[in-house]
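One structure is given below, encoded as structure tokens.
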Amino acid sequence: MSEAKQVGLQPWFPWPLSRWRWWTESIPAERVAALRIVTALVLLFDILACYLPYFTTLFSSDALGGRDLYSGRFRDDHFFWSVLRWLPDEWGPQVVFSAWIASGIGLLVGWRPLVCGLVAWACAVSVWTVAPGPHNGGDRLRNTLLLMVAASCSGAVWGVSSVRKSGDTQAVLVPGWPVKVIFVQLAVLYFFSGYYKALSEVWRNGYVMYWASHDLYWSLSPTQSAWLPVWFHQLSAIITLIWELGFPVLAVLQRTRAATLILGVIFHLGTLFTLEVGSFALYSIACYTAFAPWERLRRSNAVELKSTTDSSPQLAGC
Amino acid sequence: MGVGLFATWQFIYLPAANLIDFVPRRQHGPDLEPIGDPYQARGTFTRVEPLQRAAEYAGDALDFWSEVTAQEQGWSLFAPGPPPYTVFPAVEFRFADGTSDTMLSDFEPADKRHPPLRPPLVDNRYFNFEAQFTYAVWYAPPEEIAKLYVSAEEAAKLRETYRDIPDTVRLWQKPIRAWLAWRWKKYRAAHPEREMPVEVILKHRYLPTPKPGEPPEWAQSVQERPYALWRPASDSFDAFDMVKSQFVPVGTKP
């Protein structure tokens, strides 16, 4: 039986978290590596295909940008910050976006993922804070996602900083808490959204999906949506409501976990192609990457992942 | 140990920052503008001052982390839900010679009976910027539109919601002005013969959605209502008061 290699600091946790195996267990490094790669791909797509075509419009002070357009957010008694507030409007956005793209590429190839992840997060925060106009809830999720990717030792495998050399099939384990934080983020996001939806009559009677899909401003495919029977819109609304409220439990239980996660990906893909939700769908799906058993791709059948033997902290790949 | 504390705090922070919204807290200063915290319950939940204050300190700590790390919580994802009509923003230019012209949103389909497919993602960043000017009036349609879906008595209650709308123009004044000026630049590029308008108006166009069971066509006429008025020459700004049905000067911060 091969021994698994432990990478990354196993942090100290206060009681009762220190006794909670779900929280403290290590996970296969492939899961966070996949999370890093997909997050980087989504981020680079977002920057290159969504931001850059409107870059001059959205980030020029003589168009719809400038560091003072939402200056009310930077009041002395609050703590919002942005690198773009410190740099001149003439070249600040170019510098921040260049650093953002470079850090995205760094994450993609797995080069110093901690540094690249933090730089990508700082750029994301800077752009989001100084210009909330072009953003939506998906960008708040992106901020959490990038922070956790940075902290996850995601370069331990499948990257240029990998601790596993080519041809080596030894299992590599990393601390699992960043993935658990992402799970908690998704769980509260869905549960509280479900709670507010449950208070709304149009969600309870299911007509909300009908109105949303027929809204000519928000719907990407109103003509096609109109072909669907009304009961289909109602059913999709009710399933969404139940799924959101149930996610924190259903995604944990062994029997319902896979179906719940698959339904989540279908839900986000559905909204991506039918509503103006933008990158929210992509960043959400990127979060799901960490929950798939990517370690099965490794060509080894003799590795017992639970047999962690090398407990000395190693920071390579972090 | 630092990593463990950070991880533990993240684990606590995410649910706590959502739950704190249900705990009434007293506000220390004025709301952040233009984007406040609409989910936070305001007031007090107990007469026991140390308990109330403890909750407020906890809320302040959560707010601090939300802002510093840009992980603001408060999720609703399409709740309470879109209304049964579409709201498009549009810009009207009024010229010194008495003529006017309206520039529609790039997202308003020309053929409303058969609106075409739109690609996802590629225009979403600009869409988000433009859509922010519709949120204040999303649930405050003209009464004639509301009467299509609710009783006349219920529609009349909308007048109460109209009262707060002029102040939203004050809140969003800077982004609105930037957008109106930018739309004028685009209009001018297509109509170089036109002089600078004397008035530029941001208005909303309401299009009723066919009710379930009705033919799936958006055949009803659009109703327009002004929202904000900008005079480029003096750079002055007015808000449309829907109760008085006239423009009123944008107020100052209360």
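In the structure tokens, the first chain shown is A, the next is B, and so on; residue numbers restart at 1 for each chain, and ligands run from 1 in the order shown.
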*Using only C-alpha atoms, select each residue of chain B with any atom at most 7 Å away from an atom of chain A, and give the selection as a ChimeraX atom specification.*
/B:1,3-5,7-8,10-11,14-15,32-34,64,67-68,70-72,75-77,79-88,107-108,114-115,117-126,128-129,132,174-175,178-179,182,209,212,216
*When you draw a straight line from CA of Leu62 in chain B to CA of Phe22 in chain B, how long is it in Å?*
13.6 Å
Quick one: pick out all helix (DSSP H, G or I) residues within range 166-316 of chain A from a backbone DSSP run and write them as a PDB file with N, CA and C atoms, in the first residue's frame.
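states30.pdb, freshly written:
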ATOM      1  N   TRP A 177     -10.083  22.316   5.038  1.00  0.00           N
ATOM      2  CA  TRP A 177     -10.975  23.374   5.519  1.00  0.00           C
ATOM      3  C   TRP A 177     -11.349  24.427   4.467  1.00  0.00           C
ATOM      4  N   PRO A 178     -10.450  24.800   3.508  1.00  0.00           N
ATOM      5  CA  PRO A 178     -10.902  25.809   2.531  1.00  0.00           C
ATOM      6  C   PRO A 178     -12.102  25.340   1.714  1.00  0.00           C
ATOM      7  N   VAL A 179     -12.124  24.056   1.387  1.00  0.00           N
ATOM      8  CA  VAL A 179     -13.267  23.523   0.632  1.00  0.00           C
ATOM      9  C   VAL A 179     -14.524  23.526   1.505  1.00  0.00           C
ATOM     10  N   LYS A 180     -14.347  23.270   2.792  1.00  0.00           N
ATOM     11  CA  LYS A 180     -15.493  23.290   3.708  1.00  0.00           C
ATOM     12  C   LYS A 180     -16.029  24.722   3.846  1.00  0.00           C
ATOM     13  N   VAL A 181     -15.140  25.697   3.836  1.00  0.00           N
ATOM     14  CA  VAL A 181     -15.600  27.096   3.894  1.00  0.00           C
ATOM     15  C   VAL A 181     -16.413  27.429   2.640  1.00  0.00           C
ATOM     16  N   ILE A 182     -15.945  26.952   1.489  1.00  0.00           N
ATOM     17  CA  ILE A 182     -16.708  27.189   0.251  1.00  0.00           C
ATOM     18  C   ILE A 182     -18.079  26.527   0.350  1.00  0.00           C
ATOM     19  N   PHE A 183     -18.102  25.330   0.923  1.00  0.00           N
ATOM     20  CA  PHE A 183     -19.394  24.655   1.088  1.00  0.00           C
ATOM     21  C   PHE A 183     -20.322  25.478   1.993  1.00  0.00           C
ATOM     22  N   VAL A 184     -19.772  25.978   3.091  1.00  0.00           N
ATOM     23  CA  VAL A 184     -20.587  26.784   4.005  1.00  0.00           C
ATOM     24  C   VAL A 184     -21.098  28.036   3.293  1.00  0.00           C
ATOM     25  N   GLN A 185     -20.225  28.645   2.476  1.00  0.00           N
ATOM     26  CA  GLN A 185     -20.653  29.832   1.732  1.00  0.00           C
ATOM     27  C   GLN A 185     -21.845  29.504   0.823  1.00  0.00           C
ATOM     28  N   LEU A 186     -21.732  28.409   0.078  1.00  0.00           N
ATOM     29  CA  LEU A 186     -22.839  28.026  -0.796  1.00  0.00           C
ATOM     30  C   LEU A 186     -24.090  27.705   0.016  1.00  0.00           C
ATOM     31  N   ALA A 187     -23.897  27.007   1.133  1.00  0.00           N
ATOM     32  CA  ALA A 187     -25.048  26.609   1.948  1.00  0.00           C
ATOM     33  C   ALA A 187     -25.804  27.829   2.470  1.00  0.00           C
ATOM     34  N   VAL A 188     -25.099  28.832   2.974  1.00  0.00           N
ATOM     35  CA  VAL A 188     -25.810  30.009   3.496  1.00  0.00           C
ATOM     36  C   VAL A 188     -26.385  30.838   2.349  1.00  0.00           C
ATOM     37  N   LEU A 189     -25.662  30.874   1.238  1.00  0.00           N
ATOM     38  CA  LEU A 189     -26.159  31.620   0.074  1.00  0.00           C
ATOM     39  C   LEU A 189     -27.517  31.055  -0.361  1.00  0.00           C
ATOM     40  N   TYR A 190     -27.585  29.731  -0.512  1.00  0.00           N
ATOM     41  CA  TYR A 190     -28.838  29.121  -0.965  1.00  0.00           C
ATOM     42  C   TYR A 190     -29.914  29.185   0.116  1.00  0.00           C
ATOM     43  N   PHE A 191     -29.529  28.860   1.350  1.00  0.00           N
ATOM     44  CA  PHE A 191     -30.548  28.770   2.402  1.00  0.00           C
ATOM     45  C   PHE A 191     -31.226  30.123   2.649  1.00  0.00           C
ATOM     46  N   PHE A 192     -30.424  31.179   2.777  1.00  0.00           N
ATOM     47  CA  PHE A 192     -31.029  32.479   3.055  1.00  0.00           C
ATOM     48  C   PHE A 192     -31.789  33.007   1.840  1.00  0.00           C
ATOM     49  N   SER A 193     -31.304  32.697   0.646  1.00  0.00           N
ATOM     50  CA  SER A 193     -32.083  33.064  -0.548  1.00  0.00           C
ATOM     51  C   SER A 193     -33.408  32.329  -0.539  1.00  0.00           C
ATOM     52  N   GLY A 194     -33.365  31.049  -0.182  1.00  0.00           N
ATOM     53  CA  GLY A 194     -34.601  30.261  -0.099  1.00  0.00           C
ATOM     54  C   GLY A 194     -35.546  30.823   0.947  1.00  0.00           C
ATOM     55  N   TYR A 195     -34.988  31.265   2.055  1.00  0.00           N
ATOM     56  CA  TYR A 195     -35.824  31.846   3.111  1.00  0.00           C
ATOM     57  C   TYR A 195     -36.574  33.082   2.594  1.00  0.00           C
ATOM     58  N   TYR A 196     -35.841  34.003   1.970  1.00  0.00           N
ATOM     59  CA  TYR A 196     -36.491  35.222   1.463  1.00  0.00           C
ATOM     60  C   TYR A 196     -37.488  34.886   0.350  1.00  0.00           C
ATOM     61  N   LYS A 197     -37.166  33.885  -0.435  1.00  0.00           N
ATOM     62  CA  LYS A 197     -38.092  33.475  -1.497  1.00  0.00           C
ATOM     63  C   LYS A 197     -39.372  32.902  -0.900  1.00  0.00           C
ATOM     64  N   ALA A 198     -39.214  32.122   0.165  1.00  0.00           N
ATOM     65  CA  ALA A 198     -40.392  31.490   0.772  1.00  0.00           C
ATOM     66  C   ALA A 198     -41.372  32.531   1.315  1.00  0.00           C
ATOM     67  N   GLU A 201     -44.970  35.584  -2.346  1.00  0.00           N
ATOM     68  CA  GLU A 201     -46.113  34.830  -2.880  1.00  0.00           C
ATOM     69  C   GLU A 201     -45.812  34.263  -4.270  1.00  0.00           C
ATOM     70  N   VAL A 202     -45.126  35.053  -5.102  1.00  0.00           N
ATOM     71  CA  VAL A 202     -44.888  34.562  -6.476  1.00  0.00           C
ATOM     72  C   VAL A 202     -43.918  33.394  -6.498  1.00  0.00           C
ATOM     73  N   TRP A 203     -43.097  33.260  -5.469  1.00  0.00           N
ATOM     74  CA  TRP A 203     -42.247  32.068  -5.372  1.00  0.00           C
ATOM     75  C   TRP A 203     -43.054  30.877  -4.880  1.00  0.00           C
ATOM     76  N   ARG A 204     -43.929  31.135  -3.907  1.00  0.00           N
ATOM     77  CA  ARG A 204     -44.716  30.025  -3.353  1.00  0.00           C
ATOM     78  C   ARG A 204     -45.712  29.474  -4.374  1.00  0.00           C
ATOM     79  N   VAL A 208     -43.171  32.906 -10.372  1.00  0.00           N
ATOM     80  CA  VAL A 208     -41.989  33.772 -10.497  1.00  0.00           C
ATOM     81  C   VAL A 208     -41.161  33.433 -11.738  1.00  0.00           C
ATOM     82  N   MET A 209     -40.997  32.154 -12.015  1.00  0.00           N
ATOM     83  CA  MET A 209     -40.194  31.766 -13.171  1.00  0.00           C
ATOM     84  C   MET A 209     -40.874  32.187 -14.485  1.00  0.00           C
ATOM     85  N   TYR A 210     -42.218  32.169 -14.467  1.00  0.00           N
ATOM     86  CA  TYR A 210     -42.945  32.629 -15.649  1.00  0.00           C
ATOM     87  C   TYR A 210     -42.646  34.113 -15.887  1.00  0.00           C
ATOM     88  N   TRP A 211     -42.800  34.931 -14.827  1.00  0.00           N
ATOM     89  CA  TRP A 211     -42.557  36.370 -14.983  1.00  0.00           C
ATOM     90  C   TRP A 211     -41.101  36.647 -15.340  1.00  0.00           C
ATOM     91  N   ALA A 212     -40.179  35.947 -14.682  1.00  0.00           N
ATOM     92  CA  ALA A 212     -38.750  36.200 -14.947  1.00  0.00           C
ATOM     93  C   ALA A 212     -38.391  35.851 -16.389  1.00  0.00           C
ATOM     94  N   SER A 213     -38.874  34.715 -16.851  1.00  0.00           N
ATOM     95  CA  SER A 213     -38.483  34.275 -18.194  1.00  0.00           C
ATOM     96  C   SER A 213     -39.191  35.072 -19.290  1.00  0.00           C
ATOM     97  N   PRO A 222     -36.689  35.063 -24.153  1.00  0.00           N
ATOM     98  CA  PRO A 222     -38.119  35.162 -23.835  1.00  0.00           C
ATOM     99  C   PRO A 222     -39.011  34.422 -24.823  1.00  0.00           C
ATOM    100  N   THR A 223     -38.661  34.471 -26.106  1.00  0.00           N
ATOM    101  CA  THR A 223     -39.501  33.781 -27.098  1.00  0.00           C
ATOM    102  C   THR A 223     -39.502  32.286 -26.846  1.00  0.00           C
ATOM    103  N   GLN A 224     -38.331  31.739 -26.598  1.00  0.00           N
ATOM    104  CA  GLN A 224     -38.214  30.296 -26.366  1.00  0.00           C
ATOM    105  C   GLN A 224     -38.887  29.915 -25.043  1.00  0.00           C
ATOM    106  N   SER A 225     -38.749  30.772 -24.028  1.00  0.00           N
ATOM    107  CA  SER A 225     -39.377  30.479 -22.733  1.00  0.00           C
ATOM    108  C   SER A 225     -40.889  30.431 -22.862  1.00  0.00           C
ATOM    109  N   ALA A 226     -41.414  31.249 -23.764  1.00  0.00           N
ATOM    110  CA  ALA A 226     -42.872  31.288 -23.939  1.00  0.00           C
ATOM    111  C   ALA A 226     -43.408  29.984 -24.518  1.00  0.00           C
ATOM    112  N   VAL A 230     -46.999  26.759 -18.670  1.00  0.00           N
ATOM    113  CA  VAL A 230     -46.911  27.513 -17.408  1.00  0.00           C
ATOM    114  C   VAL A 230     -46.557  26.579 -16.253  1.00  0.00           C
ATOM    115  N   TRP A 231     -47.105  25.357 -16.271  1.00  0.00           N
ATOM    116  CA  TRP A 231     -46.832  24.441 -15.162  1.00  0.00           C
ATOM    117  C   TRP A 231     -45.344  24.111 -15.060  1.00  0.00           C
ATOM    118  N   PHE A 232     -44.632  24.139 -16.200  1.00  0.00           N
ATOM    119  CA  PHE A 232     -43.190  23.870 -16.165  1.00  0.00           C
ATOM    120  C   PHE A 232     -42.460  24.985 -15.402  1.00  0.00           C
ATOM    121  N   HIS A 233     -42.845  26.235 -15.672  1.00  0.00           N
ATOM    122  CA  HIS A 233     -42.245  27.367 -14.937  1.00  0.00           C
ATOM    123  C   HIS A 233     -42.538  27.241 -13.443  1.00  0.00           C
ATOM    124  N   GLN A 234     -43.795  26.880 -13.132  1.00  0.00           N
ATOM    125  CA  GLN A 234     -44.169  26.753 -11.710  1.00  0.00           C
ATOM    126  C   GLN A 234     -43.375  25.635 -11.034  1.00  0.00           C
ATOM    127  N   LEU A 235     -43.261  24.512 -11.717  1.00  0.00           N
ATOM    128  CA  LEU A 235     -42.537  23.375 -11.153  1.00  0.00           C
ATOM    129  C   LEU A 235     -41.069  23.739 -10.910  1.00  0.00           C
ATOM    130  N   SER A 236     -40.469  24.428 -11.883  1.00  0.00           N
ATOM    131  CA  SER A 236     -39.047  24.783 -11.721  1.00  0.00           C
ATOM    132  C   SER A 236     -38.864  25.736 -10.535  1.00  0.00           C
ATOM    133  N   ALA A 237     -39.841  26.611 -10.312  1.00  0.00           N
ATOM    134  CA  ALA A 237     -39.753  27.530  -9.169  1.00  0.00           C
ATOM    135  C   ALA A 237     -39.844  26.772  -7.852  1.00  0.00           C
ATOM    136  N   ILE A 238     -40.783  25.831  -7.784  1.00  0.00           N
ATOM    137  CA  ILE A 238     -40.968  25.071  -6.534  1.00  0.00           C
ATOM    138  C   ILE A 238     -39.737  24.197  -6.258  1.00  0.00           C
ATOM    139  N   ILE A 239     -39.214  23.563  -7.304  1.00  0.00           N
ATOM    140  CA  ILE A 239     -38.009  22.728  -7.112  1.00  0.00           C
ATOM    141  C   ILE A 239     -36.843  23.596  -6.641  1.00  0.00           C
ATOM    142  N   THR A 240     -36.698  24.773  -7.241  1.00  0.00           N
ATOM    143  CA  THR A 240     -35.615  25.685  -6.831  1.00  0.00           C
ATOM    144  C   THR A 240     -35.749  26.050  -5.359  1.00  0.00           C
ATOM    145  N   LEU A 241     -36.965  26.368  -4.966  1.00  0.00           N
ATOM    146  CA  LEU A 241     -37.215  26.776  -3.573  1.00  0.00           C
ATOM    147  C   LEU A 241     -36.865  25.648  -2.601  1.00  0.00           C
ATOM    148  N   ILE A 242     -37.349  24.450  -2.902  1.00  0.00           N
ATOM    149  CA  ILE A 242     -37.081  23.308  -2.017  1.00  0.00           C
ATOM    150  C   ILE A 242     -35.590  22.990  -2.001  1.00  0.00           C
ATOM    151  N   TRP A 243     -34.987  23.031  -3.177  1.00  0.00           N
ATOM    152  CA  TRP A 243     -33.553  22.703  -3.278  1.00  0.00           C
ATOM    153  C   TRP A 243     -32.705  23.711  -2.494  1.00  0.00           C
ATOM    154  N   GLU A 244     -33.046  25.000  -2.605  1.00  0.00           N
ATOM    155  CA  GLU A 244     -32.249  26.010  -1.892  1.00  0.00           C
ATOM    156  C   GLU A 244     -32.384  25.856  -0.377  1.00  0.00           C
ATOM    157  N   LEU A 245     -33.610  25.674   0.082  1.00  0.00           N
ATOM    158  CA  LEU A 245     -33.809  25.528   1.530  1.00  0.00           C
ATOM    159  C   LEU A 245     -33.187  24.237   2.050  1.00  0.00           C
ATOM    160  N   GLY A 246     -33.191  23.201   1.214  1.00  0.00           N
ATOM    161  CA  GLY A 246     -32.694  21.907   1.669  1.00  0.00           C
ATOM    162  C   GLY A 246     -31.216  21.694   1.460  1.00  0.00           C
ATOM    163  N   PHE A 247     -30.558  22.567   0.694  1.00  0.00           N
ATOM    164  CA  PHE A 247     -29.164  22.345   0.318  1.00  0.00           C
ATOM    165  C   PHE A 247     -28.234  22.047   1.501  1.00  0.00           C
ATOM    166  N   PRO A 248     -28.299  22.815   2.596  1.00  0.00           N
ATOM    167  CA  PRO A 248     -27.344  22.559   3.690  1.00  0.00           C
ATOM    168  C   PRO A 248     -27.413  21.133   4.236  1.00  0.00           C
ATOM    169  N   VAL A 249     -28.583  20.501   4.147  1.00  0.00           N
ATOM    170  CA  VAL A 249     -28.729  19.123   4.639  1.00  0.00           C
ATOM    171  C   VAL A 249     -28.537  18.126   3.494  1.00  0.00           C
ATOM    172  N   LEU A 250     -29.220  18.370   2.388  1.00  0.00           N
ATOM    173  CA  LEU A 250     -29.206  17.409   1.275  1.00  0.00           C
ATOM    174  C   LEU A 250     -27.808  17.232   0.671  1.00  0.00           C
ATOM    175  N   GLN A 254     -25.190  11.372   2.560  1.00  0.00           N
ATOM    176  CA  GLN A 254     -24.555  10.527   1.551  1.00  0.00           C
ATOM    177  C   GLN A 254     -25.500  10.211   0.385  1.00  0.00           C
ATOM    178  N   ARG A 255     -26.742   9.874   0.713  1.00  0.00           N
ATOM    179  CA  ARG A 255     -27.686   9.409  -0.305  1.00  0.00           C
ATOM    180  C   ARG A 255     -28.111  10.513  -1.268  1.00  0.00           C
ATOM    181  N   THR A 256     -28.185  11.736  -0.786  1.00  0.00           N
ATOM    182  CA  THR A 256     -28.727  12.825  -1.615  1.00  0.00           C
ATOM    183  C   THR A 256     -27.655  13.775  -2.131  1.00  0.00           C
ATOM    184  N   ARG A 257     -26.424  13.565  -1.692  1.00  0.00           N
ATOM    185  CA  ARG A 257     -25.353  14.515  -1.989  1.00  0.00           C
ATOM    186  C   ARG A 257     -25.138  14.699  -3.499  1.00  0.00           C
ATOM    187  N   ALA A 258     -24.925  13.596  -4.202  1.00  0.00           N
ATOM    188  CA  ALA A 258     -24.595  13.702  -5.630  1.00  0.00           C
ATOM    189  C   ALA A 258     -25.736  14.361  -6.397  1.00  0.00           C
ATOM    190  N   ALA A 259     -26.973  13.920  -6.129  1.00  0.00           N
ATOM    191  CA  ALA A 259     -28.123  14.481  -6.852  1.00  0.00           C
ATOM    192  C   ALA A 259     -28.275  15.970  -6.549  1.00  0.00           C
ATOM    193  N   THR A 260     -28.039  16.345  -5.303  1.00  0.00           N
ATOM    194  CA  THR A 260     -28.170  17.760  -4.921  1.00  0.00           C
ATOM    195  C   THR A 260     -27.136  18.612  -5.636  1.00  0.00           C
ATOM    196  N   LEU A 261     -25.909  18.123  -5.689  1.00  0.00           N
ATOM    197  CA  LEU A 261     -24.849  18.895  -6.345  1.00  0.00           C
ATOM    198  C   LEU A 261     -25.075  18.960  -7.861  1.00  0.00           C
ATOM    199  N   ILE A 262     -25.498  17.847  -8.444  1.00  0.00           N
ATOM    200  CA  ILE A 262     -25.767  17.850  -9.898  1.00  0.00           C
ATOM    201  C   ILE A 262     -26.919  18.812 -10.207  1.00  0.00           C
ATOM    202  N   LEU A 263     -27.949  18.793  -9.371  1.00  0.00           N
ATOM    203  CA  LEU A 263     -29.069  19.718  -9.560  1.00  0.00           C
ATOM    204  C   LEU A 263     -28.591  21.172  -9.465  1.00  0.00           C
ATOM    205  N   GLY A 264     -27.633  21.413  -8.588  1.00  0.00           N
ATOM    206  CA  GLY A 264     -27.080  22.757  -8.451  1.00  0.00           C
ATOM    207  C   GLY A 264     -26.392  23.218  -9.726  1.00  0.00           C
ATOM    208  N   VAL A 265     -25.609  22.325 -10.315  1.00  0.00           N
ATOM    209  CA  VAL A 265     -24.912  22.689 -11.561  1.00  0.00           C
ATOM    210  C   VAL A 265     -25.941  22.928 -12.670  1.00  0.00           C
ATOM    211  N   ILE A 266     -26.960  22.068 -12.739  1.00  0.00           N
ATOM    212  CA  ILE A 266     -28.011  22.241 -13.765  1.00  0.00           C
ATOM    213  C   ILE A 266     -28.728  23.578 -13.551  1.00  0.00           C
ATOM    214  N   PHE A 267     -29.015  23.892 -12.301  1.00  0.00           N
ATOM    215  CA  PHE A 267     -29.690  25.154 -11.964  1.00  0.00           C
ATOM    216  C   PHE A 267     -28.864  26.353 -12.453  1.00  0.00           C
ATOM    217  N   HIS A 268     -27.571  26.322 -12.170  1.00  0.00           N
ATOM    218  CA  HIS A 268     -26.738  27.463 -12.576  1.00  0.00           C
ATOM    219  C   HIS A 268     -26.563  27.521 -14.088  1.00  0.00           C
ATOM    220  N   LEU A 269     -26.444  26.366 -14.737  1.00  0.00           N
ATOM    221  CA  LEU A 269     -26.349  26.375 -16.204  1.00  0.00           C
ATOM    222  C   LEU A 269     -27.656  26.897 -16.803  1.00  0.00           C
ATOM    223  N   GLY A 270     -28.762  26.501 -16.211  1.00  0.00           N
ATOM    224  CA  GLY A 270     -30.063  26.966 -16.703  1.00  0.00           C
ATOM    225  C   GLY A 270     -30.186  28.477 -16.620  1.00  0.00           C
ATOM    226  N   THR A 271     -29.805  29.050 -15.488  1.00  0.00           N
ATOM    227  CA  THR A 271     -29.912  30.508 -15.353  1.00  0.00           C
ATOM    228  C   THR A 271     -28.885  31.221 -16.232  1.00  0.00           C
ATOM    229  N   LEU A 272     -27.731  30.591 -16.443  1.00  0.00           N
ATOM    230  CA  LEU A 272     -26.697  31.207 -17.286  1.00  0.00           C
ATOM    231  C   LEU A 272     -27.225  31.490 -18.687  1.00  0.00           C
ATOM    232  N   PHE A 273     -27.972  30.525 -19.239  1.00  0.00           N
ATOM    233  CA  PHE A 273     -28.413  30.661 -20.627  1.00  0.00           C
ATOM    234  C   PHE A 273     -29.798  31.288 -20.767  1.00  0.00           C
ATOM    235  N   THR A 274     -30.479  31.539 -19.663  1.00  0.00           N
ATOM    236  CA  THR A 274     -31.831  32.097 -19.799  1.00  0.00           C
ATOM    237  C   THR A 274     -32.000  33.474 -19.153  1.00  0.00           C
ATOM    238  N   SER A 279     -21.669  36.304 -14.763  1.00  0.00           N
ATOM    239  CA  SER A 279     -20.652  35.388 -14.258  1.00  0.00           C
ATOM    240  C   SER A 279     -21.041  34.712 -12.945  1.00  0.00           C
ATOM    241  N   PHE A 280     -22.151  35.134 -12.358  1.00  0.00           N
ATOM    242  CA  PHE A 280     -22.591  34.472 -11.122  1.00  0.00           C
ATOM    243  C   PHE A 280     -22.663  32.962 -11.337  1.00  0.00           C
ATOM    244  N   ALA A 281     -23.245  32.562 -12.473  1.00  0.00           N
ATOM    245  CA  ALA A 281     -23.397  31.130 -12.747  1.00  0.00           C
ATOM    246  C   ALA A 281     -22.030  30.451 -12.841  1.00  0.00           C
ATOM    247  N   LEU A 282     -21.090  31.100 -13.514  1.00  0.00           N
ATOM    248  CA  LEU A 282     -19.776  30.469 -13.714  1.00  0.00           C
ATOM    249  C   LEU A 282     -19.001  30.343 -12.398  1.00  0.00           C
ATOM    250  N   TYR A 283     -19.010  31.395 -11.589  1.00  0.00           N
ATOM    251  CA  TYR A 283     -18.282  31.315 -10.313  1.00  0.00           C
ATOM    252  C   TYR A 283     -18.939  30.297  -9.366  1.00  0.00           C
ATOM    253  N   SER A 284     -20.258  30.184  -9.442  1.00  0.00           N
ATOM    254  CA  SER A 284     -20.938  29.184  -8.613  1.00  0.00           C
ATOM    255  C   SER A 284     -20.524  27.782  -9.032  1.00  0.00           C
ATOM    256  N   ILE A 285     -20.525  27.545 -10.342  1.00  0.00           N
ATOM    257  CA  ILE A 285     -20.137  26.215 -10.836  1.00  0.00           C
ATOM    258  C   ILE A 285     -18.671  25.936 -10.488  1.00  0.00           C
ATOM    259  N   ALA A 286     -17.842  26.968 -10.534  1.00  0.00           N
ATOM    260  CA  ALA A 286     -16.432  26.786 -10.145  1.00  0.00           C
ATOM    261  C   ALA A 286     -16.341  26.278  -8.705  1.00  0.00           C
ATOM    262  N   CYS A 287     -17.198  26.786  -7.833  1.00  0.00           N
ATOM    263  CA  CYS A 287     -17.203  26.323  -6.431  1.00  0.00           C
ATOM    264  C   CYS A 287     -17.475  24.820  -6.356  1.00  0.00           C
ATOM    265  N   TYR A 288     -18.386  24.339  -7.201  1.00  0.00           N
ATOM    266  CA  TYR A 288     -18.761  22.924  -7.175  1.00  0.00           C
ATOM    267  C   TYR A 288     -17.593  22.013  -7.554  1.00  0.00           C
ATOM    268  N   THR A 289     -16.630  22.567  -8.278  1.00  0.00           N
ATOM    269  CA  THR A 289     -15.496  21.751  -8.725  1.00  0.00           C
ATOM    270  C   THR A 289     -14.823  21.039  -7.560  1.00  0.00           C
ATOM    271  N   ALA A 290     -14.771  21.716  -6.416  1.00  0.00           N
ATOM    272  CA  ALA A 290     -14.050  21.154  -5.269  1.00  0.00           C
ATOM    273  C   ALA A 290     -14.748  19.949  -4.668  1.00  0.00           C
ATOM    274  N   PHE A 291     -16.009  19.708  -5.049  1.00  0.00           N
ATOM    275  CA  PHE A 291     -16.768  18.609  -4.435  1.00  0.00           C
ATOM    276  C   PHE A 291     -16.719  17.327  -5.261  1.00  0.00           C
ATOM    277  N   TRP A 294     -11.959  14.185  -8.080  1.00  0.00           N
ATOM    278  CA  TRP A 294     -10.976  14.271  -9.159  1.00  0.00           C
ATOM    279  C   TRP A 294      -9.806  13.310  -8.956  1.00  0.00           C
ATOM    280  N   GLU A 295      -9.610  12.863  -7.703  1.00  0.00           N
ATOM    281  CA  GLU A 295      -8.491  11.969  -7.423  1.00  0.00           C
ATOM    282  C   GLU A 295      -8.637  10.641  -8.175  1.00  0.00           C
ATOM    283  N   ARG A 296      -9.838  10.330  -8.635  1.00  0.00           N
ATOM    284  CA  ARG A 296     -10.039   9.082  -9.381  1.00  0.00           C
ATOM    285  C   ARG A 296      -9.303   9.104 -10.720  1.00  0.00           C
ATOM    286  N   LEU A 297      -8.921  10.286 -11.147  1.00  0.00           N
ATOM    287  CA  LEU A 297      -8.171  10.384 -12.407  1.00  0.00           C
ATOM    288  C   LEU A 297      -6.739   9.876 -12.242  1.00  0.00           C
TER     289      LEU A 297
END
*asked:* Just list as a list in words whatever in range 129-245 of chain A DSSP marks as strand (DSSP E).
replied: Val172, Leu173, Val174 and Pro175 of chain A
Keeping N, CA and C atoms, export the residues of the selection given above as a PDB file, in the first residue's frame.
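Resulting contents of out_9.pdb:
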ATOM      1  N   VAL A 172      -1.532  12.615  -2.709  1.00  0.00           N
ATOM      2  CA  VAL A 172      -1.145  13.823  -1.982  1.00  0.00           C
ATOM      3  C   VAL A 172      -2.392  14.384  -1.308  1.00  0.00           C
ATOM      4  N   LEU A 173      -2.255  14.672  -0.044  1.00  0.00           N
ATOM      5  CA  LEU A 173      -3.380  15.220   0.717  1.00  0.00           C
ATOM      6  C   LEU A 173      -3.090  16.654   1.150  1.00  0.00           C
ATOM      7  N   VAL A 174      -4.138  17.464   1.210  1.00  0.00           N
ATOM      8  CA  VAL A 174      -4.004  18.848   1.677  1.00  0.00           C
ATOM      9  C   VAL A 174      -5.100  19.107   2.715  1.00  0.00           C
ATOM     10  N   PRO A 175      -4.932  20.148   3.534  1.00  0.00           N
ATOM     11  CA  PRO A 175      -5.992  20.465   4.503  1.00  0.00           C
ATOM     12  C   PRO A 175      -7.324  20.720   3.786  1.00  0.00           C
TER      13      PRO A 175
END
